[in-house]
Structure formats: structure tokens, C-alpha cells
file entry.pdb (PDB, N, CA and C atoms, pLDDT in the B column)
ATOM      1  N   MET A  92       1.523 -14.437  -4.081  1.00 54.00           N
ATOM      2  CA  MET A  92       1.510 -13.106  -3.510  1.00 54.00           C
ATOM      3  C   MET A  92       0.825 -13.183  -2.152  1.00 54.00           C
ATOM      4  N   GLU A  93       1.442 -12.555  -1.177  1.00 59.00           N
ATOM      5  CA  GLU A  93       0.863 -12.515   0.158  1.00 59.00           C
ATOM      6  C   GLU A  93       0.011 -11.269   0.286  1.00 59.00           C
ATOM      7  N   THR A  94      -1.229 -11.441   0.747  1.00 62.00           N
ATOM      8  CA  THR A  94      -2.131 -10.317   0.917  1.00 62.00           C
ATOM      9  C   THR A  94      -2.533 -10.227   2.377  1.00 62.00           C
ATOM     10  N   VAL A  95      -2.616  -9.018   2.888  1.00 64.00           N
ATOM     11  CA  VAL A  95      -3.000  -8.784   4.270  1.00 64.00           C
ATOM     12  C   VAL A  95      -4.363  -8.104   4.271  1.00 64.00           C
ATOM     13  N   PHE A  96      -5.300  -8.646   5.024  1.00 67.00           N
ATOM     14  CA  PHE A  96      -6.617  -8.044   5.159  1.00 67.00           C
ATOM     15  C   PHE A  96      -6.776  -7.570   6.595  1.00 67.00           C
ATOM     16  N   GLY A  97      -6.994  -6.279   6.770  1.00 74.00           N
ATOM     17  CA  GLY A  97      -7.131  -5.726   8.105  1.00 74.00           C
ATOM     18  C   GLY A  97      -8.561  -5.797   8.608  1.00 74.00           C
ATOM     19  N   ILE A  98      -8.719  -6.068   9.880  1.00 79.00           N
ATOM     20  CA  ILE A  98     -10.021  -6.028  10.538  1.00 79.00           C
ATOM     21  C   ILE A  98     -10.004  -4.836  11.475  1.00 79.00           C
ATOM     22  N   ILE A  99     -11.001  -3.994  11.345  1.00 81.00           N
ATOM     23  CA  ILE A  99     -11.052  -2.752  12.117  1.00 81.00           C
ATOM     24  C   ILE A  99     -11.914  -2.972  13.362  1.00 81.00           C
ATOM     25  N   TYR A 100     -11.323  -2.696  14.503  1.00 79.00           N
ATOM     26  CA  TYR A 100     -12.056  -2.733  15.768  1.00 79.00           C
ATOM     27  C   TYR A 100     -12.187  -1.297  16.264  1.00 79.00           C
ATOM     28  N   PRO A 101     -13.434  -0.782  16.401  1.00 80.00           N
ATOM     29  CA  PRO A 101     -13.609   0.604  16.846  1.00 80.00           C
ATOM     30  C   PRO A 101     -12.890   0.858  18.163  1.00 80.00           C
ATOM     31  N   PRO A 102     -12.352   2.070  18.342  1.00 85.00           N
ATOM     32  CA  PRO A 102     -12.665   3.314  17.663  1.00 85.00           C
ATOM     33  C   PRO A 102     -11.844   3.614  16.412  1.00 85.00           C
ATOM     34  N   PRO A 103     -10.723   2.881  16.073  1.00 85.00           N
ATOM     35  CA  PRO A 103     -10.038   3.204  14.814  1.00 85.00           C
ATOM     36  C   PRO A 103     -10.980   3.081  13.617  1.00 85.00           C
ATOM     37  N   VAL A 104     -10.709   3.858  12.570  1.00 86.00           N
ATOM     38  CA  VAL A 104     -11.557   3.838  11.381  1.00 86.00           C
ATOM     39  C   VAL A 104     -10.829   3.298  10.155  1.00 86.00           C
ATOM     40  N   GLY A 105      -9.573   2.896  10.318  1.00 87.00           N
ATOM     41  CA  GLY A 105      -8.834   2.340   9.198  1.00 87.00           C
ATOM     42  C   GLY A 105      -7.588   1.622   9.665  1.00 87.00           C
ATOM     43  N   ILE A 106      -7.106   0.737   8.811  1.00 88.00           N
ATOM     44  CA  ILE A 106      -5.873   0.011   9.105  1.00 88.00           C
ATOM     45  C   ILE A 106      -5.164  -0.278   7.788  1.00 88.00           C
ATOM     46  N   VAL A 107      -3.847  -0.123   7.808  1.00 89.00           N
ATOM     47  CA  VAL A 107      -3.024  -0.418   6.633  1.00 89.00           C
ATOM     48  C   VAL A 107      -2.263  -1.705   6.912  1.00 89.00           C
ATOM     49  N   GLY A 108      -2.259  -2.608   5.939  1.00 87.00           N
ATOM     50  CA  GLY A 108      -1.510  -3.856   6.070  1.00 87.00           C
ATOM     51  C   GLY A 108      -0.449  -3.940   4.994  1.00 87.00           C
ATOM     52  N   PHE A 109       0.703  -4.492   5.348  1.00 88.00           N
ATOM     53  CA  PHE A 109       1.791  -4.670   4.391  1.00 88.00           C
ATOM     54  C   PHE A 109       2.164  -6.140   4.335  1.00 88.00           C
ATOM     55  N   GLY A 110       2.311  -6.662   3.116  1.00 86.00           N
ATOM     56  CA  GLY A 110       2.797  -8.023   2.931  1.00 86.00           C
ATOM     57  C   GLY A 110       4.310  -8.028   3.022  1.00 86.00           C
ATOM     58  N   LYS A 111       4.897  -9.174   2.745  1.00 89.00           N
ATOM     59  CA  LYS A 111       6.362  -9.229   2.784  1.00 89.00           C
ATOM     60  C   LYS A 111       6.946  -8.743   1.459  1.00 89.00           C
ATOM     61  N   ILE A 112       8.167  -8.288   1.514  1.00 90.00           N
ATOM     62  CA  ILE A 112       8.862  -7.808   0.317  1.00 90.00           C
ATOM     63  C   ILE A 112       9.336  -9.020  -0.483  1.00 90.00           C
ATOM     64  N   VAL A 113       8.991  -9.043  -1.768  1.00 93.00           N
ATOM     65  CA  VAL A 113       9.389 -10.140  -2.653  1.00 93.00           C
ATOM     66  C   VAL A 113       9.954  -9.559  -3.943  1.00 93.00           C
ATOM     67  N   GLU A 114      10.816 -10.290  -4.602  1.00 95.00           N
ATOM     68  CA  GLU A 114      11.350  -9.880  -5.908  1.00 95.00           C
ATOM     69  C   GLU A 114      10.321 -10.215  -6.985  1.00 95.00           C
ATOM     70  N   ARG A 115       9.996  -9.229  -7.803  1.00 95.00           N
ATOM     71  CA  ARG A 115       9.031  -9.391  -8.891  1.00 95.00           C
ATOM     72  C   ARG A 115       9.589  -8.754 -10.160  1.00 95.00           C
ATOM     73  N   PRO A 116       9.170  -9.265 -11.330  1.00 97.00           N
ATOM     74  CA  PRO A 116       9.540  -8.581 -12.571  1.00 97.00           C
ATOM     75  C   PRO A 116       8.819  -7.232 -12.631  1.00 97.00           C
ATOM     76  N   TRP A 117       9.543  -6.197 -13.063  1.00 93.00           N
ATOM     77  CA  TRP A 117       8.994  -4.840 -13.084  1.00 93.00           C
ATOM     78  C   TRP A 117       9.510  -4.118 -14.314  1.00 93.00           C
ATOM     79  N   ALA A 118       8.663  -3.343 -14.969  1.00 95.00           N
ATOM     80  CA  ALA A 118       9.073  -2.584 -16.155  1.00 95.00           C
ATOM     81  C   ALA A 118       9.701  -1.257 -15.715  1.00 95.00           C
ATOM     82  N   VAL A 119      10.942  -1.016 -16.150  1.00 92.00           N
ATOM     83  CA  VAL A 119      11.653   0.217 -15.857  1.00 92.00           C
ATOM     84  C   VAL A 119      12.300   0.700 -17.145  1.00 92.00           C
ATOM     85  N   ASP A 120      11.888   1.875 -17.621  1.00 95.00           N
ATOM     86  CA  ASP A 120      12.435   2.458 -18.856  1.00 95.00           C
ATOM     87  C   ASP A 120      12.386   1.475 -20.022  1.00 95.00           C
ATOM     88  N   GLY A 121      11.284   0.771 -20.158  1.00 94.00           N
ATOM     89  CA  GLY A 121      11.101  -0.146 -21.282  1.00 94.00           C
ATOM     90  C   GLY A 121      11.785  -1.497 -21.119  1.00 94.00           C
ATOM     91  N   GLN A 122      12.442  -1.723 -20.001  1.00 96.00           N
ATOM     92  CA  GLN A 122      13.117  -2.995 -19.743  1.00 96.00           C
ATOM     93  C   GLN A 122      12.434  -3.693 -18.564  1.00 96.00           C
ATOM     94  N   VAL A 123      12.420  -5.023 -18.607  1.00 97.00           N
ATOM     95  CA  VAL A 123      11.892  -5.793 -17.484  1.00 97.00           C
ATOM     96  C   VAL A 123      13.058  -6.152 -16.574  1.00 97.00           C
ATOM     97  N   VAL A 124      12.973  -5.709 -15.326  1.00 97.00           N
ATOM     98  CA  VAL A 124      14.028  -5.948 -14.350  1.00 97.00           C
ATOM     99  C   VAL A 124      13.400  -6.512 -13.076  1.00 97.00           C
ATOM    100  N   SER A 125      14.229  -7.086 -12.228  1.00 96.00           N
ATOM    101  CA  SER A 125      13.770  -7.595 -10.943  1.00 96.00           C
ATOM    102  C   SER A 125      13.809  -6.463  -9.921  1.00 96.00           C
ATOM    103  N   ARG A 126      12.706  -6.301  -9.186  1.00 93.00           N
ATOM    104  CA  ARG A 126      12.606  -5.240  -8.190  1.00 93.00           C
ATOM    105  C   ARG A 126      11.967  -5.790  -6.919  1.00 93.00           C
ATOM    106  N   PRO A 127      12.388  -5.281  -5.757  1.00 92.00           N
ATOM    107  CA  PRO A 127      11.683  -5.651  -4.528  1.00 92.00           C
ATOM    108  C   PRO A 127      10.324  -4.940  -4.504  1.00 92.00           C
ATOM    109  N   VAL A 128       9.266  -5.698  -4.261  1.00 90.00           N
ATOM    110  CA  VAL A 128       7.906  -5.159  -4.289  1.00 90.00           C
ATOM    111  C   VAL A 128       7.179  -5.582  -3.015  1.00 90.00           C
ATOM    112  N   VAL A 129       6.402  -4.673  -2.457  1.00 88.00           N
ATOM    113  CA  VAL A 129       5.578  -4.981  -1.289  1.00 88.00           C
ATOM    114  C   VAL A 129       4.125  -4.638  -1.634  1.00 88.00           C
ATOM    115  N   THR A 130       3.199  -5.467  -1.157  1.00 88.00           N
ATOM    116  CA  THR A 130       1.778  -5.204  -1.354  1.00 88.00           C
ATOM    117  C   THR A 130       1.236  -4.498  -0.122  1.00 88.00           C
ATOM    118  N   ALA A 131       0.534  -3.396  -0.328  1.00 88.00           N
ATOM    119  CA  ALA A 131      -0.103  -2.659   0.763  1.00 88.00           C
ATOM    120  C   ALA A 131      -1.613  -2.701   0.559  1.00 88.00           C
ATOM    121  N   THR A 132      -2.349  -2.933   1.645  1.00 87.00           N
ATOM    122  CA  THR A 132      -3.807  -2.924   1.588  1.00 87.00           C
ATOM    123  C   THR A 132      -4.328  -1.944   2.632  1.00 87.00           C
ATOM    124  N   LEU A 133      -5.496  -1.403   2.365  1.00 89.00           N
ATOM    125  CA  LEU A 133      -6.120  -0.468   3.287  1.00 89.00           C
ATOM    126  C   LEU A 133      -7.551  -0.922   3.523  1.00 89.00           C
ATOM    127  N   SER A 134      -7.902  -1.104   4.781  1.00 88.00           N
ATOM    128  CA  SER A 134      -9.289  -1.368   5.162  1.00 88.00           C
ATOM    129  C   SER A 134      -9.797  -0.123   5.852  1.00 88.00           C
ATOM    130  N   GLY A 135     -10.973   0.349   5.444  1.00 86.00           N
ATOM    131  CA  GLY A 135     -11.504   1.571   6.029  1.00 86.00           C
ATOM    132  C   GLY A 135     -12.981   1.453   6.324  1.00 86.00           C
ATOM    133  N   ASP A 136     -13.417   2.157   7.342  1.00 86.00           N
ATOM    134  CA  ASP A 136     -14.823   2.210   7.709  1.00 86.00           C
ATOM    135  C   ASP A 136     -15.497   3.226   6.786  1.00 86.00           C
ATOM    136  N   HIS A 137     -16.325   2.744   5.874  1.00 84.00           N
ATOM    137  CA  HIS A 137     -16.941   3.628   4.873  1.00 84.00           C
ATOM    138  C   HIS A 137     -18.031   4.516   5.451  1.00 84.00           C
ATOM    139  N   ARG A 138     -18.322   4.361   6.726  1.00 85.00           N
ATOM    140  CA  ARG A 138     -19.232   5.302   7.374  1.00 85.00           C
ATOM    141  C   ARG A 138     -18.500   6.593   7.711  1.00 85.00           C
ATOM    142  N   VAL A 139     -17.159   6.544   7.714  1.00 86.00           N
ATOM    143  CA  VAL A 139     -16.344   7.696   8.100  1.00 86.00           C
ATOM    144  C   VAL A 139     -15.660   8.331   6.896  1.00 86.00           C
ATOM    145  N   THR A 140     -15.235   7.528   5.942  1.00 82.00           N
ATOM    146  CA  THR A 140     -14.497   8.031   4.785  1.00 82.00           C
ATOM    147  C   THR A 140     -14.912   7.240   3.554  1.00 82.00           C
ATOM    148  N   ASP A 141     -14.314   7.537   2.420  1.00 84.00           N
ATOM    149  CA  ASP A 141     -14.667   6.819   1.197  1.00 84.00           C
ATOM    150  C   ASP A 141     -13.420   6.258   0.519  1.00 84.00           C
ATOM    151  N   GLY A 142     -13.629   5.474  -0.507  1.00 87.00           N
ATOM    152  CA  GLY A 142     -12.527   4.833  -1.218  1.00 87.00           C
ATOM    153  C   GLY A 142     -11.591   5.814  -1.894  1.00 87.00           C
ATOM    154  N   HIS A 143     -12.103   6.963  -2.304  1.00 91.00           N
ATOM    155  CA  HIS A 143     -11.256   7.959  -2.965  1.00 91.00           C
ATOM    156  C   HIS A 143     -10.166   8.455  -2.019  1.00 91.00           C
ATOM    157  N   ARG A 144     -10.548   8.785  -0.799  1.00 90.00           N
ATOM    158  CA  ARG A 144      -9.548   9.242   0.182  1.00 90.00           C
ATOM    159  C   ARG A 144      -8.561   8.131   0.503  1.00 90.00           C
ATOM    160  N   GLY A 145      -9.043   6.898   0.567  1.00 90.00           N
ATOM    161  CA  GLY A 145      -8.157   5.762   0.807  1.00 90.00           C
ATOM    162  C   GLY A 145      -7.147   5.592  -0.308  1.00 90.00           C
ATOM    163  N   ALA A 146      -7.598   5.758  -1.551  1.00 92.00           N
ATOM    164  CA  ALA A 146      -6.697   5.641  -2.698  1.00 92.00           C
ATOM    165  C   ALA A 146      -5.653   6.755  -2.686  1.00 92.00           C
ATOM    166  N   LEU A 147      -6.061   7.970  -2.318  1.00 94.00           N
ATOM    167  CA  LEU A 147      -5.100   9.073  -2.217  1.00 94.00           C
ATOM    168  C   LEU A 147      -4.057   8.780  -1.142  1.00 94.00           C
ATOM    169  N   PHE A 148      -4.496   8.223  -0.012  1.00 92.00           N
ATOM    170  CA  PHE A 148      -3.573   7.885   1.062  1.00 92.00           C
ATOM    171  C   PHE A 148      -2.571   6.828   0.606  1.00 92.00           C
ATOM    172  N   LEU A 149      -3.049   5.744  -0.041  1.00 92.00           N
ATOM    173  CA  LEU A 149      -2.132   4.703  -0.506  1.00 92.00           C
ATOM    174  C   LEU A 149      -1.179   5.232  -1.574  1.00 92.00           C
ATOM    175  N   ALA A 150      -1.629   6.156  -2.415  1.00 94.00           N
ATOM    176  CA  ALA A 150      -0.743   6.766  -3.412  1.00 94.00           C
ATOM    177  C   ALA A 150       0.359   7.568  -2.722  1.00 94.00           C
ATOM    178  N   ALA A 151       0.015   8.264  -1.630  1.00 93.00           N
ATOM    179  CA  ALA A 151       1.028   9.025  -0.883  1.00 93.00           C
ATOM    180  C   ALA A 151       2.027   8.080  -0.226  1.00 93.00           C
ATOM    181  N   VAL A 152       1.546   6.971   0.334  1.00 91.00           N
ATOM    182  CA  VAL A 152       2.441   5.967   0.921  1.00 91.00           C
ATOM    183  C   VAL A 152       3.375   5.420  -0.150  1.00 91.00           C
ATOM    184  N   ASP A 153       2.843   5.143  -1.331  1.00 91.00           N
ATOM    185  CA  ASP A 153       3.644   4.645  -2.450  1.00 91.00           C
ATOM    186  C   ASP A 153       4.768   5.620  -2.796  1.00 91.00           C
ATOM    187  N   ARG A 154       4.435   6.899  -2.923  1.00 92.00           N
ATOM    188  CA  ARG A 154       5.452   7.901  -3.249  1.00 92.00           C
ATOM    189  C   ARG A 154       6.530   7.969  -2.172  1.00 92.00           C
ATOM    190  N   LEU A 155       6.133   7.951  -0.907  1.00 92.00           N
ATOM    191  CA  LEU A 155       7.103   8.041   0.183  1.00 92.00           C
ATOM    192  C   LEU A 155       8.005   6.812   0.258  1.00 92.00           C
ATOM    193  N   LEU A 156       7.453   5.637  -0.003  1.00 88.00           N
ATOM    194  CA  LEU A 156       8.272   4.425   0.036  1.00 88.00           C
ATOM    195  C   LEU A 156       9.281   4.401  -1.117  1.00 88.00           C
ATOM    196  N   GLN A 157       8.940   5.045  -2.217  1.00 87.00           N
ATOM    197  CA  GLN A 157       9.878   5.106  -3.340  1.00 87.00           C
ATOM    198  C   GLN A 157      10.959   6.145  -3.115  1.00 87.00           C
ATOM    199  N   GLU A 158      10.727   7.087  -2.204  1.00 90.00           N
ATOM    200  CA  GLU A 158      11.709   8.120  -1.866  1.00 90.00           C
ATOM    201  C   GLU A 158      11.829   8.199  -0.342  1.00 90.00           C
ATOM    202  N   PRO A 159      12.454   7.194   0.291  1.00 85.00           N
ATOM    203  CA  PRO A 159      12.487   7.149   1.758  1.00 85.00           C
ATOM    204  C   PRO A 159      13.193   8.341   2.405  1.00 85.00           C
ATOM    205  N   ALA A 160      14.028   9.058   1.686  1.00 88.00           N
ATOM    206  CA  ALA A 160      14.677  10.233   2.261  1.00 88.00           C
ATOM    207  C   ALA A 160      13.662  11.319   2.623  1.00 88.00           C
ATOM    208  N   ARG A 161      12.473  11.273   2.014  1.00 81.00           N
ATOM    209  CA  ARG A 161      11.432  12.262   2.283  1.00 81.00           C
ATOM    210  C   ARG A 161      10.620  11.936   3.533  1.00 81.00           C
ATOM    211  N   LEU A 162      10.829  10.741   4.100  1.00 80.00           N
ATOM    212  CA  LEU A 162      10.047  10.353   5.290  1.00 80.00           C
ATOM    213  C   LEU A 162      10.424  11.161   6.489  1.00 80.00           C
TER     214      LEU A 162
END

call {"tool": "encode", "arguments": {"input": "entry.pdb", "output": "C-alpha cells"}}
result
Amino acid sequence: METVFGIIYPPPVGIVGFGKIVERPWAVDGQVVSRPVVTATLSGDHRVTDGHRGALFLAAVDRLLQEPARL
């Protein structure tokens, strides 16, 4: 698995990194199928925000990537 670690240089307070898309086994409706999967990471300055807001942001990115027509 490829992981991206972002380094934040001020004044930005966060950075999102995306790995490459790879085929992985995934459970869908009780069946294991092959699906394209991408790993997303978020680095944030905890002096400005917290992990909870970061998790909410990544969850929103996840939803949008699963429904690209909503972008």
C-alpha cells in the first residue's frame, strides 16, 4: 500500500495526500469483489484544528469520491 505523508509549510494549516488507485478485495453486499481503492491522508496543524474536524473532512471526501456526480 502506498501512503502519502504531507508536510505543512505555513501559512497553510493542512494538506491532503492521495496514493495511487489500486485494485483491492472489498466486501459488497456480503460478497468479496475487486474494487479500485485509493488511500487518502490528512496532515493538519493541531494548533488550528483538531482530529475530529479532520475526520469529518475525510468522510466528506470519501462520500464525494463515491458519488462523483455530486462534485

call {"tool": "select_by_dssp", "arguments": {"input": "entry.pdb", "residues": "chain A", "states": "strand (DSSP E or B)", "output": "list of chain:residue names"}}
result
A:Gly105, A:Ile106, A:Val107, A:Gly108, A:Phe109, A:Val113, A:Glu114, A:Arg115, A:Pro116, A:Trp117, A:Ala118, A:Val119, A:Gln122, A:Val123, A:Val124, A:Ser125, A:Arg126, A:Pro127, A:Val128, A:Ala131, A:Thr132, A:Leu133, A:Ser134, A:Gly135

call {"tool": "atom_distance", "arguments": {"input": "entry.pdb", "atom1": "atom CA of Val129 of chain A", "atom2": "atom CA of Trp117 of chain A"}}
result
12.3 Å

call {"tool": "atom_distance", "arguments": {"input": "entry.pdb", "atom1": "atom CA of Pro102 of chain A", "atom2": "atom CA of Ala150 of chain A"}}
result
24.5 Å

call {"tool": "atom_distance", "arguments": {"input": "entry.pdb", "atom1": "atom C of Phe109 of chain A", "atom2": "atom CA of Thr132 of chain A"}}
result
7.3 Å

call {"tool": "resolve_selection", "arguments": {"input": "entry.pdb", "expression": "the PyMOL selection byres ((chain A and resi 133) around 6.5)", "output": "list in words"}}
result
Gly97, Ile106, Val107, Gly108, Ala131, Thr132, Ser134 and Gly135 of chain A

call {"tool": "write_last_selection", "arguments": {"input": "entry.pdb", "atoms": "N, CA and C atoms", "output": "CSV table (one decimal), in the coordinates of the input"}}
result
chain,number,residue,atom,x,y,z
A,97,GLY,N,-7.0,-6.3,6.8
A,97,GLY,CA,-7.1,-5.7,8.1
A,97,GLY,C,-8.6,-5.8,8.6
A,106,ILE,N,-7.1,0.7,8.8
A,106,ILE,CA,-5.9,0.0,9.1
A,106,ILE,C,-5.2,-0.3,7.8
A,107,VAL,N,-3.8,-0.1,7.8
A,107,VAL,CA,-3.0,-0.4,6.6
A,107,VAL,C,-2.3,-1.7,6.9
A,108,GLY,N,-2.3,-2.6,5.9
A,108,GLY,CA,-1.5,-3.9,6.1
A,108,GLY,C,-0.4,-3.9,5.0
A,131,ALA,N,0.5,-3.4,-0.3
A,131,ALA,CA,-0.1,-2.7,0.8
A,131,ALA,C,-1.6,-2.7,0.6
A,132,THR,N,-2.3,-2.9,1.6
A,132,THR,CA,-3.8,-2.9,1.6
A,132,THR,C,-4.3,-1.9,2.6
A,134,SER,N,-7.9,-1.1,4.8
A,134,SER,CA,-9.3,-1.4,5.2
A,134,SER,C,-9.8,-0.1,5.9
A,135,GLY,N,-11.0,0.3,5.4
A,135,GLY,CA,-11.5,1.6,6.0
A,135,GLY,C,-13.0,1.5,6.3
